[in-house]
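Have a look at target_3.cif; it's mmCIF, C-alpha atoms and all ligand atoms:
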data_coords
loop_
_atom_site.label_atom_id
_atom_site.label_comp_id
_atom_site.auth_asym_id
_atom_site.auth_seq_id
_atom_site.Cartn_x
_atom_site.Cartn_y
_atom_site.Cartn_z
CA MET K 190 -13.35 12.78 -11.18
CA LEU K 191 -14.60 9.82 -9.15
CA SER K 192 -14.90 9.90 -5.39
CA VAL K 193 -14.80 7.01 -2.97
CA PRO K 194 -15.93 7.76 0.58
CA VAL K 195 -14.10 6.19 3.52
CA ALA K 196 -16.68 5.93 6.31
CA LEU K 197 -14.98 6.25 9.68
CA GLY K 198 -17.34 8.42 11.70
CA GLU K 199 -15.78 11.78 12.46
CA ARG K 200 -12.57 10.64 10.77
CA SER K 201 -14.35 10.03 7.44
CA TYR K 202 -12.79 11.36 4.24
CA SER K 203 -12.93 11.14 0.48
CA ILE K 204 -10.57 9.61 -2.03
CA HIS K 205 -10.78 11.58 -5.27
CA ILE K 206 -9.53 9.71 -8.33
CA GLY K 207 -9.01 11.16 -11.79
CA SER K 208 -6.92 13.05 -14.26
CA GLY K 209 -5.43 16.49 -13.52
CA LEU K 210 -6.19 16.53 -9.80
CA VAL K 211 -2.76 17.91 -8.86
CA SER K 212 -3.80 21.14 -10.59
CA ARG K 213 -7.07 21.46 -8.68
CA PRO K 214 -6.06 23.36 -5.54
CA GLU K 215 -9.68 23.93 -4.49
CA LEU K 216 -9.91 20.26 -3.51
CA ILE K 217 -7.06 20.77 -1.05
CA VAL K 218 -7.95 24.31 0.02
CA ALA K 219 -11.40 23.15 1.15
CA GLN K 220 -9.69 20.97 3.77
CA LEU K 221 -7.18 23.49 5.17
CA GLN K 222 -7.43 25.08 8.60
CA GLN K 223 -4.91 27.81 7.72
CA PRO K 224 -3.50 28.93 4.35
CA ARG K 225 -0.23 27.10 4.91
CA VAL K 226 0.92 23.60 4.08
CA ALA K 227 4.14 21.59 4.22
CA VAL K 228 4.56 19.36 1.17
CA VAL K 229 6.73 16.34 1.91
CA THR K 230 8.29 14.72 -1.13
CA ASN K 231 11.57 13.39 -2.53
CA PRO K 232 13.85 14.78 -5.28
CA LEU K 233 12.52 12.43 -7.98
CA VAL K 234 8.82 13.07 -7.42
CA GLY K 235 9.50 16.67 -6.44
CA LYS K 236 11.12 17.36 -9.79
CA LEU K 237 8.08 15.96 -11.59
CA TYR K 238 5.17 17.37 -9.58
CA LEU K 239 6.19 19.71 -6.74
CA ASP K 240 6.33 22.86 -8.87
CA ALA K 241 2.91 22.21 -10.36
CA LEU K 242 1.34 21.57 -6.97
CA SER K 243 3.08 24.50 -5.21
CA THR K 244 2.26 26.93 -8.01
CA VAL K 245 -1.48 26.24 -7.97
CA LEU K 246 -1.59 26.29 -4.18
CA GLU K 247 0.31 29.57 -4.01
CA LYS K 248 -2.01 31.07 -6.62
CA ALA K 249 -4.87 30.05 -4.37
CA GLY K 250 -3.23 32.00 -1.52
CA VAL K 251 -1.65 29.07 0.30
CA SER K 252 1.99 29.28 1.35
CA VAL K 253 4.00 26.11 0.81
CA VAL K 254 6.90 24.79 2.87
CA PRO K 255 8.65 22.10 0.81
CA VAL K 256 10.16 19.24 2.80
CA MET K 257 12.60 17.20 0.75
CA LEU K 258 13.46 13.68 1.93
CA PRO K 259 15.86 11.15 0.43
CA ASP K 260 14.16 8.64 -1.89
CA GLY K 261 13.74 4.96 -1.14
CA GLU K 262 12.61 2.33 1.32
CA SER K 263 16.06 2.36 2.97
CA HIS K 264 15.26 5.91 4.11
CA LYS K 265 11.95 5.02 5.77
CA THR K 266 13.68 5.48 9.10
CA TRP K 267 13.67 7.37 12.33
CA ALA K 268 16.48 9.59 11.00
CA THR K 269 14.40 10.65 7.99
CA LEU K 270 11.35 11.22 10.18
CA ASN K 271 13.47 13.54 12.27
CA LEU K 272 14.39 15.54 9.16
CA VAL K 273 10.67 16.25 8.75
CA PHE K 274 10.42 17.50 12.35
CA ASP K 275 13.58 19.60 11.95
CA ARG K 276 12.12 21.32 8.93
CA LEU K 277 8.62 21.79 10.40
CA LEU K 278 10.06 23.29 13.58
CA GLU K 279 12.56 25.52 11.76
CA GLN K 280 9.72 26.82 9.63
CA ARG K 281 7.48 27.16 12.69
CA CYS K 282 4.75 25.02 11.28
CA GLU K 283 1.78 25.04 13.61
CA ARG K 284 -0.91 22.67 14.72
CA LYS K 285 -3.17 23.92 11.94
CA THR K 286 -0.53 23.53 9.23
CA THR K 287 -1.52 20.62 7.00
CA LEU K 288 1.13 18.14 5.88
CA ILE K 289 0.77 16.95 2.30
CA ALA K 290 2.45 13.69 1.26
CA LEU K 291 3.43 13.92 -2.40
CA GLY K 292 4.93 10.63 -3.51
CA GLY K 293 4.71 6.88 -3.21
CA GLY K 294 4.06 4.74 -0.17
CA VAL K 295 7.36 5.57 1.49
CA ILE K 296 6.64 9.30 1.50
CA GLY K 297 3.00 8.64 2.46
CA ASP K 298 3.88 6.40 5.41
CA ILE K 299 6.56 8.75 6.79
CA THR K 300 4.45 11.88 6.32
CA GLY K 301 1.40 10.28 7.91
CA PHE K 302 3.42 9.24 10.94
CA ALA K 303 5.02 12.68 11.18
CA ALA K 304 1.53 14.21 11.07
CA ALA K 305 0.32 11.83 13.78
CA VAL K 306 2.98 12.92 16.24
CA TYR K 307 4.13 16.43 15.27
CA LEU K 308 2.69 18.76 17.94
CA ARG K 309 0.64 15.70 19.00
CA GLY K 310 -1.13 15.60 15.67
CA VAL K 311 -1.63 17.88 12.66
CA PRO K 312 -3.93 17.37 9.66
CA PHE K 313 -2.57 15.59 6.62
CA ILE K 314 -3.48 14.94 3.00
CA GLN K 315 -2.23 12.19 0.74
CA VAL K 316 -1.34 12.87 -2.89
CA PRO K 317 -0.17 9.38 -3.89
CA THR K 318 1.88 9.18 -7.09
CA THR K 319 2.53 5.45 -7.46
CA LEU K 320 -0.11 2.87 -8.32
CA LEU K 321 0.68 1.03 -5.10
CA ALA K 322 0.13 4.19 -3.08
CA GLN K 323 -3.10 5.05 -4.94
CA VAL K 324 -4.67 1.63 -4.41
CA ASP K 325 -3.26 0.77 -1.05
CA SER K 326 -0.89 2.73 1.15
CA SER K 327 -2.63 6.13 0.98
CA VAL K 328 -5.94 4.67 2.12
CA GLY K 329 -6.76 3.41 5.56
CA GLY K 330 -4.54 5.36 7.90
CA LYS K 331 -1.65 3.00 8.57
CA THR K 332 1.44 5.14 8.88
CA GLY K 333 4.94 4.43 10.04
CA ILE K 334 8.60 3.73 9.53
CA ASN K 335 10.89 0.71 9.56
CA HIS K 336 13.10 -0.43 12.43
CA PRO K 337 16.36 -2.27 11.75
CA LEU K 338 14.65 -5.34 13.25
CA GLY K 339 11.50 -5.16 11.16
CA LYS K 340 9.49 -3.38 8.52
CA ASN K 341 6.78 -0.91 9.54
CA MET K 342 7.35 -1.76 13.20
CA ILE K 343 6.99 1.82 14.47
CA GLY K 344 3.88 3.73 13.52
CA ALA K 345 0.37 4.90 14.20
CA PHE K 346 -3.13 4.59 12.85
CA TYR K 347 -3.78 8.12 11.62
CA GLN K 348 -6.27 8.97 8.91
CA PRO K 349 -5.72 11.62 6.23
CA ARG K 350 -8.30 14.37 5.65
CA LEU K 351 -8.30 13.70 1.92
CA VAL K 352 -6.66 11.47 -0.68
CA LEU K 353 -6.07 12.90 -4.17
CA ALA K 354 -5.13 10.14 -6.59
CA ASP K 355 -4.17 11.86 -9.83
CA THR K 356 -3.95 9.08 -12.42
CA ASP K 357 -1.83 11.33 -14.70
CA THR K 358 1.07 10.92 -12.29
CA LEU K 359 1.18 7.22 -13.13
CA ARG K 360 2.46 8.06 -16.62
CA SER K 361 5.96 8.72 -15.32
CA LEU K 362 6.09 5.59 -13.20
CA PRO K 363 8.73 2.99 -14.15
CA GLU K 364 7.20 -0.24 -15.53
CA ARG K 365 8.41 -2.32 -12.64
CA GLU K 366 6.69 0.02 -10.15
CA LEU K 367 3.45 -0.10 -12.13
CA ALA K 368 3.51 -3.90 -12.07
CA ALA K 369 4.23 -3.86 -8.33
CA GLY K 370 1.07 -1.79 -7.81
CA LEU K 371 -0.91 -4.23 -9.91
CA ALA K 372 0.01 -6.99 -7.44
CA GLU K 373 -2.06 -5.22 -4.77
CA VAL K 374 -4.88 -4.62 -7.25
CA ILE K 375 -5.01 -8.34 -8.10
CA LYS K 376 -4.92 -9.07 -4.37
CA TYR K 377 -8.24 -7.19 -3.90
CA GLY K 378 -9.89 -9.38 -6.53
CA LEU K 379 -8.53 -12.53 -4.92
CA ILE K 380 -9.65 -11.69 -1.39
CA ARG K 381 -12.97 -9.99 -1.98
CA ASP K 382 -14.32 -9.70 -5.50
CA ALA K 383 -14.30 -12.51 -8.08
CA SER K 384 -15.94 -10.32 -10.73
CA PHE K 385 -13.19 -7.71 -10.31
CA LEU K 386 -10.65 -10.48 -10.83
CA THR K 387 -12.42 -11.39 -14.08
CA TRP K 388 -12.37 -7.71 -15.09
CA LEU K 389 -8.62 -7.65 -14.40
CA GLU K 390 -8.12 -10.76 -16.54
CA ASP K 391 -9.92 -8.93 -19.36
CA ASN K 392 -8.11 -5.61 -18.89
CA ILE K 393 -4.60 -6.37 -17.75
CA GLU K 394 -3.06 -5.28 -21.07
CA GLN K 395 -4.93 -1.96 -20.97
CA LEU K 396 -3.63 -1.41 -17.44
CA LEU K 397 -0.06 -2.16 -18.48
CA ALA K 398 -0.53 0.26 -21.39
CA ARG K 399 -1.70 2.86 -18.82
CA ASP K 400 -5.09 3.36 -20.38
CA PRO K 401 -6.46 6.20 -18.19
CA ASP K 402 -9.98 4.79 -17.94
CA ALA K 403 -8.76 1.31 -17.07
CA LEU K 404 -6.40 2.73 -14.46
CA ALA K 405 -9.09 4.93 -12.95
CA TYR K 406 -11.46 1.97 -12.68
CA ALA K 407 -8.80 -0.28 -11.12
CA VAL K 408 -7.85 2.42 -8.59
CA ARG K 409 -11.50 3.08 -7.79
CA ARG K 410 -12.50 -0.55 -7.30
CA SER K 411 -9.38 -1.20 -5.21
CA CYS K 412 -10.08 1.84 -3.02
CA GLU K 413 -13.73 0.84 -2.64
CA ILE K 414 -12.74 -2.61 -1.43
CA LYS K 415 -10.06 -1.28 0.89
CA ALA K 416 -12.34 1.49 2.21
CA GLN K 417 -15.08 -1.00 2.96
CA ILE K 418 -12.75 -3.33 4.83
CA VAL K 419 -11.11 -0.47 6.75
CA SER K 420 -14.45 0.96 7.83
CA GLU K 421 -15.44 -2.46 9.13
CA ASP K 422 -12.21 -2.86 11.07
CA GLU K 423 -9.99 0.22 11.25
CA ARG K 424 -7.47 -1.23 13.70
CA GLU K 425 -7.08 -4.68 12.20
CA THR K 426 -8.72 -6.77 14.87
CA ASP K 427 -10.15 -9.16 12.29
CA VAL K 428 -11.29 -8.57 8.70
CA ARG K 429 -8.60 -5.95 7.89
CA ALA K 430 -6.02 -8.71 8.18
CA LEU K 431 -7.39 -10.11 4.89
CA LEU K 432 -5.68 -7.21 3.10
CA ASN K 433 -2.45 -8.97 3.99
CA LEU K 434 -2.94 -11.86 1.61
CA GLY K 435 0.52 -12.91 0.47
CA HIS K 436 2.16 -10.44 2.83
CA THR K 437 3.43 -12.78 5.54
CA PHE K 438 5.22 -14.77 2.86
CA GLY K 439 6.00 -11.56 0.99
CA HIS K 440 7.65 -9.84 3.93
CA ALA K 441 9.78 -12.93 4.47
CA ILE K 442 10.85 -12.76 0.82
CA GLU K 443 11.65 -9.05 1.06
CA ALA K 444 13.64 -9.47 4.25
CA GLY K 445 15.26 -12.77 3.22
CA LEU K 446 16.60 -11.35 -0.04
CA GLY K 447 17.48 -8.03 1.59
CA PHE K 448 14.99 -5.15 1.44
CA GLY K 449 14.94 -3.51 -1.96
CA THR K 450 16.02 -6.57 -3.95
CA TRP K 451 12.43 -7.40 -4.78
CA LEU K 452 9.83 -4.64 -4.75
CA HIS K 453 7.09 -5.05 -2.17
CA GLY K 454 4.47 -5.76 -4.85
CA GLU K 455 6.69 -8.40 -6.44
CA ALA K 456 7.03 -10.15 -3.10
CA VAL K 457 3.26 -9.88 -2.58
CA ALA K 458 2.64 -11.53 -5.95
CA ALA K 459 4.91 -14.51 -5.23
CA GLY K 460 3.64 -14.56 -1.62
CA SER K 461 0.02 -14.66 -2.77
CA VAL K 462 0.87 -17.61 -5.00
CA LEU K 463 2.34 -19.39 -1.96
CA ALA K 464 -0.87 -18.64 -0.03
CA ALA K 465 -2.92 -19.97 -2.95
CA ARG K 466 -0.83 -23.15 -3.15
CA MET K 467 -1.13 -23.63 0.58
CA SER K 468 -4.91 -23.20 0.28
CA GLN K 469 -4.93 -25.81 -2.46
CA ARG K 470 -2.96 -28.25 -0.30
CA MET K 471 -5.54 -27.82 2.41
CA GLY K 472 -8.25 -28.86 -0.03
CA LEU K 473 -9.79 -25.39 -0.28
CA LEU K 474 -8.81 -23.74 -3.53
CA GLN K 475 -9.16 -25.64 -6.82
CA ALA K 476 -6.04 -26.21 -8.94
CA GLY K 477 -7.68 -24.22 -11.76
CA ASP K 478 -8.10 -21.21 -9.48
CA VAL K 479 -4.46 -21.36 -8.39
CA ALA K 480 -3.55 -21.39 -12.08
CA ARG K 481 -5.78 -18.35 -12.71
CA ALA K 482 -3.98 -16.39 -10.01
CA VAL K 483 -0.56 -17.45 -11.29
CA ASP K 484 -1.46 -16.55 -14.89
CA LEU K 485 -2.78 -13.14 -13.98
CA PHE K 486 0.30 -12.24 -11.92
CA LYS K 487 2.50 -13.46 -14.78
CA ARG K 488 0.58 -11.41 -17.33
CA ALA K 489 1.07 -8.41 -15.05
CA ARG K 490 4.83 -9.10 -15.32
CA LEU K 491 5.16 -10.13 -11.73
CA PRO K 492 7.18 -13.00 -10.28
CA THR K 493 5.14 -16.04 -9.27
CA ASP K 494 7.94 -18.29 -8.03
CA ALA K 495 9.14 -17.39 -4.57
CA PRO K 496 12.89 -17.61 -3.98
CA GLU K 497 14.36 -20.70 -2.33
CA LEU K 498 15.31 -19.35 1.07
CA GLY K 499 14.90 -22.70 2.84
CA ALA K 500 11.90 -23.56 4.99
CA THR K 501 13.76 -22.82 8.23
CA ARG K 502 14.71 -19.33 7.14
CA TYR K 503 11.19 -18.65 5.89
CA LEU K 504 9.68 -19.73 9.20
CA GLU K 505 12.15 -17.62 11.14
CA LEU K 506 11.35 -14.55 9.03
CA MET K 507 7.62 -15.18 9.16
CA GLY K 508 7.81 -15.42 12.95
CA LEU K 509 8.56 -11.70 13.00
CA ASP K 510 5.26 -10.91 11.28
CA LYS K 511 2.90 -8.47 12.99
CA LYS K 512 0.08 -10.98 12.60
CA VAL K 513 1.78 -13.35 15.05
CA GLU K 514 -0.46 -13.62 18.11
CA GLN K 515 0.78 -15.25 21.31
CA GLY K 516 3.56 -16.82 19.30
CA ARG K 517 1.15 -18.37 16.77
CA LEU K 518 1.53 -17.55 13.14
CA ARG K 519 -1.69 -16.53 11.41
CA LEU K 520 -2.04 -16.83 7.67
CA ILE K 521 -4.45 -15.41 5.13
CA LEU K 522 -5.70 -18.21 2.92
CA LEU K 523 -8.23 -18.46 0.10
CA GLU K 524 -11.41 -20.44 0.33
CA ARG K 525 -12.08 -19.60 -3.29
CA ILE K 526 -11.40 -16.69 -5.65
CA GLY K 527 -13.02 -13.67 -4.04
CA LYS K 528 -13.09 -15.13 -0.54
CA ALA K 529 -10.17 -15.07 1.89
CA PHE K 530 -10.01 -15.95 5.58
CA VAL K 531 -7.47 -15.66 8.35
CA THR K 532 -6.46 -18.66 10.41
CA ALA K 533 -3.88 -19.88 12.89
CA ASP K 534 -5.23 -23.38 12.41
CA PHE K 535 -3.45 -24.97 9.49
CA PRO K 536 -1.47 -28.19 9.13
CA GLN K 537 2.19 -27.42 9.76
CA HIS K 538 3.23 -29.96 7.13
CA ALA K 539 1.31 -28.06 4.44
CA LEU K 540 3.23 -24.91 5.31
CA LEU K 541 6.53 -26.79 5.37
CA ASP K 542 5.80 -28.38 1.98
CA VAL K 543 5.03 -25.04 0.41
CA LEU K 544 8.12 -23.40 1.89
CA THR K 545 10.42 -26.28 1.02
CA ASN K 546 9.34 -26.12 -2.63
CA PRO K 547 8.43 -22.45 -3.01
CA SER K 548 8.62 -22.51 -6.77
CA ALA K 549 6.73 -25.79 -7.32
CA SER K 550 4.26 -24.94 -10.03
CA VAL K 551 1.87 -27.72 -9.07
CA ALA K 552 0.80 -28.97 -5.67
CA LEU K 553 2.86 -31.97 -4.56
N1 LIG K 601 0.33 2.33 4.89
C1 LIG K 601 -0.10 1.26 4.26
O1 LIG K 601 -1.24 0.81 4.45
C2 LIG K 601 0.79 0.62 3.26
C3 LIG K 601 0.27 -0.32 2.38
C4 LIG K 601 1.11 -0.84 1.41
C5 LIG K 601 2.42 -0.43 1.34
N2 LIG K 601 2.89 0.48 2.23
C6 LIG K 601 4.28 0.96 2.15
O2 LIG K 601 4.45 1.63 0.91
C7 LIG K 601 5.82 1.56 0.54
C8 LIG K 601 5.92 1.19 -0.91
O3 LIG K 601 5.31 2.21 -1.66
P1 LIG K 601 5.67 2.43 -3.19
O4 LIG K 601 5.58 1.14 -3.89
O5 LIG K 601 4.84 3.56 -3.64
O6 LIG K 601 7.23 2.79 -3.14
P2 LIG K 601 8.01 4.18 -3.11
O7 LIG K 601 7.34 5.18 -2.33
O8 LIG K 601 9.42 3.84 -2.76
O9 LIG K 601 7.98 4.62 -4.66
C9 LIG K 601 8.64 3.82 -5.61
C10 LIG K 601 9.60 4.67 -6.47
O10 LIG K 601 8.84 5.41 -7.41
C11 LIG K 601 9.18 6.77 -7.33
N3 LIG K 601 7.98 7.49 -7.75
C12 LIG K 601 6.91 7.81 -7.02
N4 LIG K 601 5.98 8.36 -7.78
C13 LIG K 601 6.47 8.41 -9.04
C14 LIG K 601 5.97 8.86 -10.27
N5 LIG K 601 4.74 9.34 -10.38
N6 LIG K 601 6.76 8.78 -11.37
C15 LIG K 601 8.00 8.26 -11.27
N7 LIG K 601 8.52 7.78 -10.14
C16 LIG K 601 7.76 7.86 -9.03
C17 LIG K 601 9.60 6.95 -5.90
O11 LIG K 601 10.33 8.11 -5.71
C18 LIG K 601 10.38 5.69 -5.66
O12 LIG K 601 11.66 5.80 -6.21
C19 LIG K 601 6.46 0.55 1.46
O13 LIG K 601 7.25 1.23 2.40
C20 LIG K 601 5.28 -0.13 2.13
O14 LIG K 601 5.59 -0.57 3.44
C21 LIG K 601 2.10 1.02 3.17
ZN ZN K 602 1.15 -4.52 0.40
#
The structure given in the file should be rewritten as structure tokens.
Ligand SMILES: NC(=O)c1ccc[n+]([C@@H]2O[C@H](COP(=O)([O-])OP(=O)(O)OC[C@H]3O[C@@H](n4cnc5c(N)ncnc54)[C@H](O)[C@@H]3O)[C@@H](O)[C@H]2O)c1
Ligand SMILES: [Zn+2]
Amino acid sequence: MLSVPVALGERSYSIHIGSGLVSRPELIVAQLQQPRVAVVTNPLVGKLYLDALSTVLEKAGVSVVPVMLPDGESHKTWATLNLVFDRLLEQRCERKTTLIALGGGVIGDITGFAAAVYLRGVPFIQVPTTLLAQVDSSVGGKTGINHPLGKNMIGAFYQPRLVLADTDTLRSLPERELAAGLAEVIKYGLIRDASFLTWLEDNIEQLLARDPDALAYAVRRSCEIKAQIVSEDERETDVRALLNLGHTFGHAIEAGLGFGTWLHGEAVAAGSVLAARMSQRMGLLQAGDVARAVDLFKRARLPTDAPELGATRYLELMGLDKKVEQGRLRLILLERIGKAFVTADFPQHALLDVLTNPSASVAL
């Protein structure tokens, strides 16, 4: 087992990464304030892992309240959040009852937000079961739900007490979901670590083949990078925004096509390519580096050509982004591989060019 510390003063915690962690109740028990937990999951993940987790916890003397939520991004809503509260209240869960999120990012985000506000805050633990959740959503304390007018618009910063990333759970993940997680992994290399990007270029096939060591290393390095950035800037006043490379474009793609048409990671891949092309147009990133990013996303079986939504529609959708400040759009761009920056100061024509020809494989 590997452990990555997240240094946030009194809110610090560990991310444990490795094989078989779901069957190691002592890791969870050490964090509990009472021998009672509520495990929030969905029918798909529940069928695969809830019994195993509940059995070991119960053997360790912990009583388990299962909370079953409908699966899918379309259920990351206020109504679903309320189902969690209904169940916790019916079962008289207390302020010392720990909530455990067992599932992907949707379950993690809803459970974290429920934990932030139930009885004004109860402890919570993340047991992420998708690659995306292990490398990204379970770490850093952003929690929340969607609003009909925008994704992740209602939420809270609320840190877990522990993250248990059991790499065995990735074996049951559909291929498309695995690839979507790899988009975020590649993102870390692009924004912060050129040598990790090279490692990914050398190991992408092993990752797609779910080699446990390769996966554990990719999860660890991703978590280290995210943990470092989050401890520098927990509430996204500056450097944390870099984690959103490709996301302003990506969210526009997700919303423009209708949520769920493209997976988040797929939109992030194509969105990161748009950010790379934009950086190239501004004379920052070399054409060869744009090609490296495109190749790696392609090898990871991710889309690299953004859909043609029309520049006007893109701009409209991007205007809803949370990174908009005083009406000004801010973008994450690449100075080079391994170095990203955030700016509101970019030539409008470069953005328009990129959005007008979103699938142009070379800079115009
Ligand atoms: N909080 C953050 O910082 C943050 C960061 C990135 C993304 N997110 C959020 O995360 C969500 C996306 O997360 P996701 O990609 O994990 O999607 P998801 O939670 O919808 O999971 C994808 C699918 O895989 C299934 N699944 C989960 N684990 C499985 C397993 N081990 N085997 C088989 N199937 C499994 C799920 O039930 C679901 O059907 C989005 O809502 C996004 O906004 C949050
Ligand atoms: Zn993301």
Against ligand ZN 602 (chain K), which residues of chain K fall within 8 Å? For each one I want the closest pair of atoms and the distance in Å (one decimal), counting all atoms listed in the file, rows by chain and increasing residue number, as a tab-separated table.
residue	atom	partner	partner_atom	distance
K:Leu321	CA	K:ZN602	ZN	7.8
K:Asp325	CA	K:ZN602	ZN	7.0
K:Ser326	CA	K:ZN602	ZN	7.6
K:Glu373	CA	K:ZN602	ZN	6.1
K:Leu432	CA	K:ZN602	ZN	7.8
K:Asn433	CA	K:ZN602	ZN	6.8
K:His436	CA	K:ZN602	ZN	6.5
K:His453	CA	K:ZN602	ZN	6.5
K:Gly454	CA	K:ZN602	ZN	6.3
K:Val457	CA	K:ZN602	ZN	6.5
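These residues, each with an atom at most 9 Å from (-5.3, -19.7, -2.4) using all atoms listed in the file, are K:Leu379, K:Ser461, K:Val462, K:Leu463, K:Ala464, K:Ala465, K:Arg466, K:Met467, K:Ser468, K:Gln469, K:Leu473, K:Leu474, K:Gln475, K:Asp478, K:Val479, K:Ala482, K:Ile521, K:Leu522, K:Leu523, K:Glu524, K:Arg525, K:Ile526, K:Ala529.
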Would you mind exporting the chosen residues as a PDB file, in the coordinates of the input, restricted to C-alpha atoms?
ATOM      1  CA  LEU K 379      -8.530 -12.530  -4.920  1.00  0.00           C
ATOM      2  CA  SER K 461       0.020 -14.660  -2.770  1.00  0.00           C
ATOM      3  CA  VAL K 462       0.870 -17.610  -5.000  1.00  0.00           C
ATOM      4  CA  LEU K 463       2.340 -19.390  -1.960  1.00  0.00           C
ATOM      5  CA  ALA K 464      -0.870 -18.640  -0.030  1.00  0.00           C
ATOM      6  CA  ALA K 465      -2.920 -19.970  -2.950  1.00  0.00           C
ATOM      7  CA  ARG K 466      -0.830 -23.150  -3.150  1.00  0.00           C
ATOM      8  CA  MET K 467      -1.130 -23.630   0.580  1.00  0.00           C
ATOM      9  CA  SER K 468      -4.910 -23.200   0.280  1.00  0.00           C
ATOM     10  CA  GLN K 469      -4.930 -25.810  -2.460  1.00  0.00           C
ATOM     11  CA  LEU K 473      -9.790 -25.390  -0.280  1.00  0.00           C
ATOM     12  CA  LEU K 474      -8.810 -23.740  -3.530  1.00  0.00           C
ATOM     13  CA  GLN K 475      -9.160 -25.640  -6.820  1.00  0.00           C
ATOM     14  CA  ASP K 478      -8.100 -21.210  -9.480  1.00  0.00           C
ATOM     15  CA  VAL K 479      -4.460 -21.360  -8.390  1.00  0.00           C
ATOM     16  CA  ALA K 482      -3.980 -16.390 -10.010  1.00  0.00           C
ATOM     17  CA  ILE K 521      -4.450 -15.410   5.130  1.00  0.00           C
ATOM     18  CA  LEU K 522      -5.700 -18.210   2.920  1.00  0.00           C
ATOM     19  CA  LEU K 523      -8.230 -18.460   0.100  1.00  0.00           C
ATOM     20  CA  GLU K 524     -11.410 -20.440   0.330  1.00  0.00           C
ATOM     21  CA  ARG K 525     -12.080 -19.600  -3.290  1.00  0.00           C
ATOM     22  CA  ILE K 526     -11.400 -16.690  -5.650  1.00  0.00           C
ATOM     23  CA  ALA K 529     -10.170 -15.070   1.890  1.00  0.00           C
TER      24      ALA K 529
END
(message) If I take CA of Thr266 (chain K) and CA of Ala441 (chain K), how far is one from the other in Å, to one decimal?
(response) 19.4 Å
Compute the set of protein, DNA and RNA residues whose minimum atom distance to ligand LIG 601 (chain K) is at most 8 Å, using only C-alpha atoms and all ligand atoms, and state it as a PDB file with C-alpha atoms, in the frame of the given file.
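Written file, result.pdb:
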ATOM      1  CA  ASN K 231      11.570  13.390  -2.530  1.00  0.00           C
ATOM      2  CA  PRO K 232      13.850  14.780  -5.280  1.00  0.00           C
ATOM      3  CA  LEU K 233      12.520  12.430  -7.980  1.00  0.00           C
ATOM      4  CA  VAL K 234       8.820  13.070  -7.420  1.00  0.00           C
ATOM      5  CA  LEU K 237       8.080  15.960 -11.590  1.00  0.00           C
ATOM      6  CA  ASP K 260      14.160   8.640  -1.890  1.00  0.00           C
ATOM      7  CA  GLY K 261      13.740   4.960  -1.140  1.00  0.00           C
ATOM      8  CA  GLU K 262      12.610   2.330   1.320  1.00  0.00           C
ATOM      9  CA  LYS K 265      11.950   5.020   5.770  1.00  0.00           C
ATOM     10  CA  GLY K 292       4.930  10.630  -3.510  1.00  0.00           C
ATOM     11  CA  GLY K 293       4.710   6.880  -3.210  1.00  0.00           C
ATOM     12  CA  GLY K 294       4.060   4.740  -0.170  1.00  0.00           C
ATOM     13  CA  VAL K 295       7.360   5.570   1.490  1.00  0.00           C
ATOM     14  CA  ILE K 296       6.640   9.300   1.500  1.00  0.00           C
ATOM     15  CA  GLY K 297       3.000   8.640   2.460  1.00  0.00           C
ATOM     16  CA  ASP K 298       3.880   6.400   5.410  1.00  0.00           C
ATOM     17  CA  PRO K 317      -0.170   9.380  -3.890  1.00  0.00           C
ATOM     18  CA  THR K 318       1.880   9.180  -7.090  1.00  0.00           C
ATOM     19  CA  THR K 319       2.530   5.450  -7.460  1.00  0.00           C
ATOM     20  CA  LEU K 320      -0.110   2.870  -8.320  1.00  0.00           C
ATOM     21  CA  LEU K 321       0.680   1.030  -5.100  1.00  0.00           C
ATOM     22  CA  ALA K 322       0.130   4.190  -3.080  1.00  0.00           C
ATOM     23  CA  ASP K 325      -3.260   0.770  -1.050  1.00  0.00           C
ATOM     24  CA  SER K 326      -0.890   2.730   1.150  1.00  0.00           C
ATOM     25  CA  SER K 327      -2.630   6.130   0.980  1.00  0.00           C
ATOM     26  CA  VAL K 328      -5.940   4.670   2.120  1.00  0.00           C
ATOM     27  CA  GLY K 329      -6.760   3.410   5.560  1.00  0.00           C
ATOM     28  CA  GLY K 330      -4.540   5.360   7.900  1.00  0.00           C
ATOM     29  CA  LYS K 331      -1.650   3.000   8.570  1.00  0.00           C
ATOM     30  CA  THR K 332       1.440   5.140   8.880  1.00  0.00           C
ATOM     31  CA  GLY K 333       4.940   4.430  10.040  1.00  0.00           C
ATOM     32  CA  ILE K 334       8.600   3.730   9.530  1.00  0.00           C
ATOM     33  CA  LYS K 340       9.490  -3.380   8.520  1.00  0.00           C
ATOM     34  CA  ASN K 341       6.780  -0.910   9.540  1.00  0.00           C
ATOM     35  CA  THR K 358       1.070  10.920 -12.290  1.00  0.00           C
ATOM     36  CA  LEU K 359       1.180   7.220 -13.130  1.00  0.00           C
ATOM     37  CA  ARG K 360       2.460   8.060 -16.620  1.00  0.00           C
ATOM     38  CA  SER K 361       5.960   8.720 -15.320  1.00  0.00           C
ATOM     39  CA  LEU K 362       6.090   5.590 -13.200  1.00  0.00           C
ATOM     40  CA  PRO K 363       8.730   2.990 -14.150  1.00  0.00           C
ATOM     41  CA  GLU K 366       6.690   0.020 -10.150  1.00  0.00           C
ATOM     42  CA  ALA K 369       4.230  -3.860  -8.330  1.00  0.00           C
ATOM     43  CA  GLY K 370       1.070  -1.790  -7.810  1.00  0.00           C
ATOM     44  CA  LEU K 452       9.830  -4.640  -4.750  1.00  0.00           C
ATOM     45  CA  HIS K 453       7.090  -5.050  -2.170  1.00  0.00           C
ATOM     46  CA  GLY K 454       4.470  -5.760  -4.850  1.00  0.00           C
TER      47      GLY K 454
END
